[in-house]
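Okay, target-v8.txt now, which holds compact mmCIF, C-alpha atoms:
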```
# COMPACT_ATOMS: atom_id res chain seq x y z
CA MET A 183 -18.70 31.03 -127.48
CA SER A 184 -21.61 28.64 -127.27
CA THR A 185 -21.65 26.46 -124.16
CA THR A 186 -24.14 23.73 -123.50
CA ILE A 187 -24.88 22.38 -120.07
CA ASP A 188 -22.64 19.33 -120.62
CA GLU A 189 -19.63 21.33 -121.76
CA VAL A 190 -17.40 22.95 -119.20
CA PRO A 191 -15.46 26.02 -120.32
CA ALA A 192 -11.70 26.06 -119.88
CA ARG A 193 -10.36 27.65 -116.69
CA ASP A 194 -9.37 30.86 -118.44
CA GLU A 195 -12.63 31.08 -120.41
CA VAL A 196 -15.47 32.83 -118.68
CA PRO A 197 -18.93 32.19 -120.10
CA ALA A 198 -20.73 35.24 -121.35
CA ARG A 199 -23.42 36.66 -119.16
CA GLY A 200 -26.59 34.61 -119.31
CA GLU A 201 -24.99 31.53 -120.86
CA ALA A 202 -25.58 28.13 -119.31
CA ARG A 203 -23.15 26.90 -116.70
CA ARG A 204 -22.95 23.35 -115.49
CA GLY A 205 -24.24 23.20 -111.92
CA GLY A 206 -24.11 26.94 -111.48
CA GLY A 207 -20.34 26.84 -111.13
CA TYR A 208 -20.25 24.43 -108.19
CA GLU A 209 -19.81 20.70 -108.15
CA ARG A 210 -22.27 18.64 -106.14
CA PRO A 211 -20.73 17.58 -102.82
CA ASP A 212 -20.02 13.91 -102.43
CA ALA A 213 -21.02 11.81 -99.39
CA ALA A 214 -17.85 12.64 -97.43
CA MET A 215 -18.47 16.34 -97.89
CA GLN A 216 -22.10 15.98 -96.79
CA LYS A 217 -20.97 14.30 -93.55
CA LYS A 218 -18.51 17.11 -92.88
CA GLY A 219 -21.22 19.59 -93.79
CA LYS A 220 -23.34 18.43 -90.84
CA PHE A 221 -20.42 18.99 -88.48
CA GLU A 222 -19.80 22.40 -89.98
CA LEU A 223 -23.48 23.26 -89.58
CA TYR A 224 -23.47 22.27 -85.91
CA SER A 225 -20.18 24.11 -85.43
CA TRP A 226 -21.66 27.25 -86.99
CA VAL A 227 -24.75 27.03 -84.77
CA PHE A 228 -22.58 26.44 -81.69
CA MET A 229 -20.56 29.59 -82.44
CA ARG A 230 -23.74 31.69 -82.59
CA VAL A 231 -25.35 30.19 -79.48
CA SER A 232 -22.18 30.14 -77.38
CA GLY A 233 -21.28 33.67 -78.47
CA LEU A 234 -24.70 34.94 -77.41
CA LEU A 235 -24.53 33.10 -74.09
CA LEU A 236 -21.00 34.38 -73.50
CA ILE A 237 -22.10 37.98 -74.00
CA PHE A 238 -24.84 37.72 -71.37
CA MET A 239 -22.86 35.57 -68.94
CA THR A 240 -19.81 37.84 -69.12
CA LEU A 241 -21.87 41.00 -68.72
CA TYR A 242 -23.62 39.49 -65.71
CA HIS A 243 -20.27 38.38 -64.24
CA LEU A 244 -18.80 41.87 -64.68
CA TYR A 245 -21.95 43.54 -63.34
CA TRP A 246 -22.06 41.31 -60.27
CA TRP A 247 -18.41 41.53 -59.23
CA ASN A 248 -17.74 45.14 -60.21
CA LEU A 249 -21.00 46.96 -59.48
CA VAL A 250 -22.95 44.88 -56.96
CA VAL A 251 -20.03 43.62 -54.87
CA GLY A 252 -17.53 46.29 -55.82
CA VAL A 253 -13.83 45.70 -56.30
CA GLU A 254 -13.04 47.43 -53.02
CA HIS A 255 -14.93 44.67 -51.14
CA LEU A 256 -13.59 41.77 -53.18
CA ASP A 257 -11.43 39.36 -51.20
CA ALA A 258 -10.69 35.64 -51.01
CA ASP A 259 -13.33 35.01 -48.34
CA LEU A 260 -16.07 36.45 -50.54
CA VAL A 261 -14.96 34.33 -53.49
CA LEU A 262 -14.88 31.22 -51.26
CA GLU A 263 -18.37 32.07 -49.99
CA ARG A 264 -19.70 32.35 -53.56
CA TRP A 265 -17.95 29.20 -54.77
CA ASN A 266 -19.38 27.26 -51.84
CA GLN A 267 -22.76 27.52 -53.55
CA PRO A 268 -23.35 24.93 -56.32
CA LEU A 269 -25.11 27.46 -58.59
CA TRP A 270 -22.06 29.74 -58.67
CA ARG A 271 -19.79 26.79 -59.36
CA LEU A 272 -22.03 25.73 -62.24
CA PHE A 273 -22.14 29.30 -63.58
CA ASN A 274 -18.33 29.58 -63.51
CA ALA A 275 -17.90 26.12 -65.04
CA ALA A 276 -20.35 27.02 -67.84
CA LEU A 277 -18.63 30.37 -68.45
CA ALA A 278 -15.21 28.71 -68.70
CA THR A 279 -16.56 25.89 -70.89
CA PHE A 280 -18.34 28.16 -73.35
CA ALA A 281 -15.38 30.54 -73.54
CA LEU A 282 -12.77 27.85 -74.18
CA LEU A 283 -14.87 25.83 -76.65
CA HIS A 284 -15.94 28.99 -78.50
CA GLY A 285 -12.29 30.01 -78.78
CA LEU A 286 -11.23 26.50 -79.84
CA ASN A 287 -13.85 26.47 -82.58
CA GLY A 288 -12.64 29.85 -83.84
CA LEU A 289 -9.07 28.58 -83.78
CA ARG A 290 -10.18 25.53 -85.78
CA TYR A 291 -11.68 27.85 -88.41
CA SER A 292 -8.39 29.75 -88.64
CA ILE A 293 -6.34 26.56 -88.88
CA GLU A 294 -8.58 25.32 -91.70
CA ASP A 295 -8.22 28.64 -93.54
CA TYR A 296 -4.49 29.26 -93.23
CA ILE A 297 -2.70 25.90 -92.99
CA ARG A 298 -2.87 24.23 -96.40
CA ASN A 299 -0.71 21.16 -95.79
CA PRO A 300 -3.03 18.40 -94.47
CA THR A 301 -0.36 16.83 -92.26
CA ALA A 302 0.63 20.15 -90.72
CA ARG A 303 -3.06 20.96 -90.23
CA LYS A 304 -3.61 17.71 -88.32
CA VAL A 305 -0.55 18.32 -86.13
CA VAL A 306 -1.52 21.91 -85.32
CA LYS A 307 -5.11 20.87 -84.58
CA ALA A 308 -3.92 18.05 -82.30
CA ILE A 309 -1.71 20.47 -80.36
CA ALA A 310 -4.49 23.05 -80.10
CA TYR A 311 -7.14 20.51 -79.04
CA THR A 312 -4.80 18.99 -76.45
CA ALA A 313 -3.90 22.37 -74.95
CA VAL A 314 -7.43 23.78 -74.82
CA LEU A 315 -9.20 20.60 -73.71
CA GLY A 316 -6.46 19.97 -71.12
CA ALA A 317 -6.90 23.49 -69.73
CA LEU A 318 -10.67 23.04 -69.72
CA ALA A 319 -10.47 19.69 -67.90
CA TRP A 320 -8.04 21.12 -65.36
CA GLY A 321 -10.22 24.18 -64.75
CA ILE A 322 -13.46 22.26 -64.41
CA PHE A 323 -11.77 19.74 -62.12
CA ALA A 324 -10.49 22.57 -59.92
CA LEU A 325 -13.89 24.30 -59.84
CA LEU A 326 -15.86 21.19 -59.00
CA THR A 327 -13.51 19.42 -56.59
CA TYR A 328 -11.90 22.25 -54.63
CA ASP A 329 -12.27 21.71 -50.87
CA PHE A 330 -13.69 24.97 -49.57
CA ALA A 331 -13.87 23.77 -45.96
CA SER A 332 -10.11 23.40 -45.71
CA ALA A 333 -9.53 26.70 -47.50
CA SER A 334 -11.79 28.66 -45.14
CA ARG A 335 -9.95 27.27 -42.04
CA ARG A 336 -6.67 28.93 -43.07
```
Would you mind giving the structure from this file in structure tokens?
Amino acid sequence: MSTTIDEVPARDEVPARGEARRGGGYERPDAAMQKKGKFELYSWVFMRVSGLLLIFMTLYHLYWWNLVVGVEHLDADLVLERWNQPLWRLFNAALATFALLHGLNGLRYSIEDYIRNPTARKVVKAIAYTAVLGALAWGIFALLTYDFASASRR
């Protein structure tokens, strides 16, 4: 079997070792694929950065509440006291945001891998995005707008 660079072997024919293959076996991505490739690159980087941040933020959260404070001293007044401080609110909002968006991105990867029908994929993604982003908006709204003064008077 003699294959030149311009000839493409049939699907069932495998070129012998060392013979020329057109493009190394891969077609060059078109413009639409290159645009999606940028999103995939940023998505990949986000997964690594958010995963690393989540590890440290979660370990700190567990260390603080379980070892420094101790579960035997944990009560609603202590939580209200901590959430009264803007830094703790920001920390909790960031932890929730990174966790939900990291999970949503992983879910998007799974949807892309396992749902082959494009229409079904769009529907499942729309449902997933709506559920996760709705939960995130609700959680951030609750964290940032909760009235601690009225809660501490009870």
Notebook entry, point to check: Which residue, A:Val231, A:Ile322, A:Leu241, A:Ala310, has the smallest gap to Thr279 of chain A when you use only C-alpha atoms?
Noted result: A:Ile322
Check: Which of these, A:Leu244, A:Asn287, A:Leu326, A:Ser232, has the shortest distance to Tyr311 of chain A once you count all atoms listed in the file?
Finding: A:Asn287
Next item on the list: Would you please work out which residue, of A:Ser292, A:Thr312, A:Thr240, A:Thr301, is nearest to Ala276 of chain A when using all atoms listed in the file?
Entry: A:Thr240
Next item on the list: Write out as a list in words each polymer residue whose atoms come within 10 Å of Ala275 of chain A, counting all atoms listed in the file; drop sequence neighbours fewer than 6 positions from it.
Entry: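 Residues meeting the cut-off are Leu269, Ala281, Leu318, Gly321, Ile322, Phe323, Ala324, Leu325 and Leu326 of chain A.
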With C-alpha atoms retained, export the selected residues as a JSON list (two decimals), keeping the file's coordinate frame.
```json
[["chain", "number", "residue", "atom", "x", "y", "z"],
["A", 269, "LEU", "CA", -25.11, 27.46, -58.59],
["A", 281, "ALA", "CA", -15.38, 30.54, -73.54],
["A", 318, "LEU", "CA", -10.67, 23.04, -69.72],
["A", 321, "GLY", "CA", -10.22, 24.18, -64.75],
["A", 322, "ILE", "CA", -13.46, 22.26, -64.41],
["A", 323, "PHE", "CA", -11.77, 19.74, -62.12],
["A", 324, "ALA", "CA", -10.49, 22.57, -59.92],
["A", 325, "LEU", "CA", -13.89, 24.30, -59.84],
["A", 326, "LEU", "CA", -15.86, 21.19, -59.00]]
```
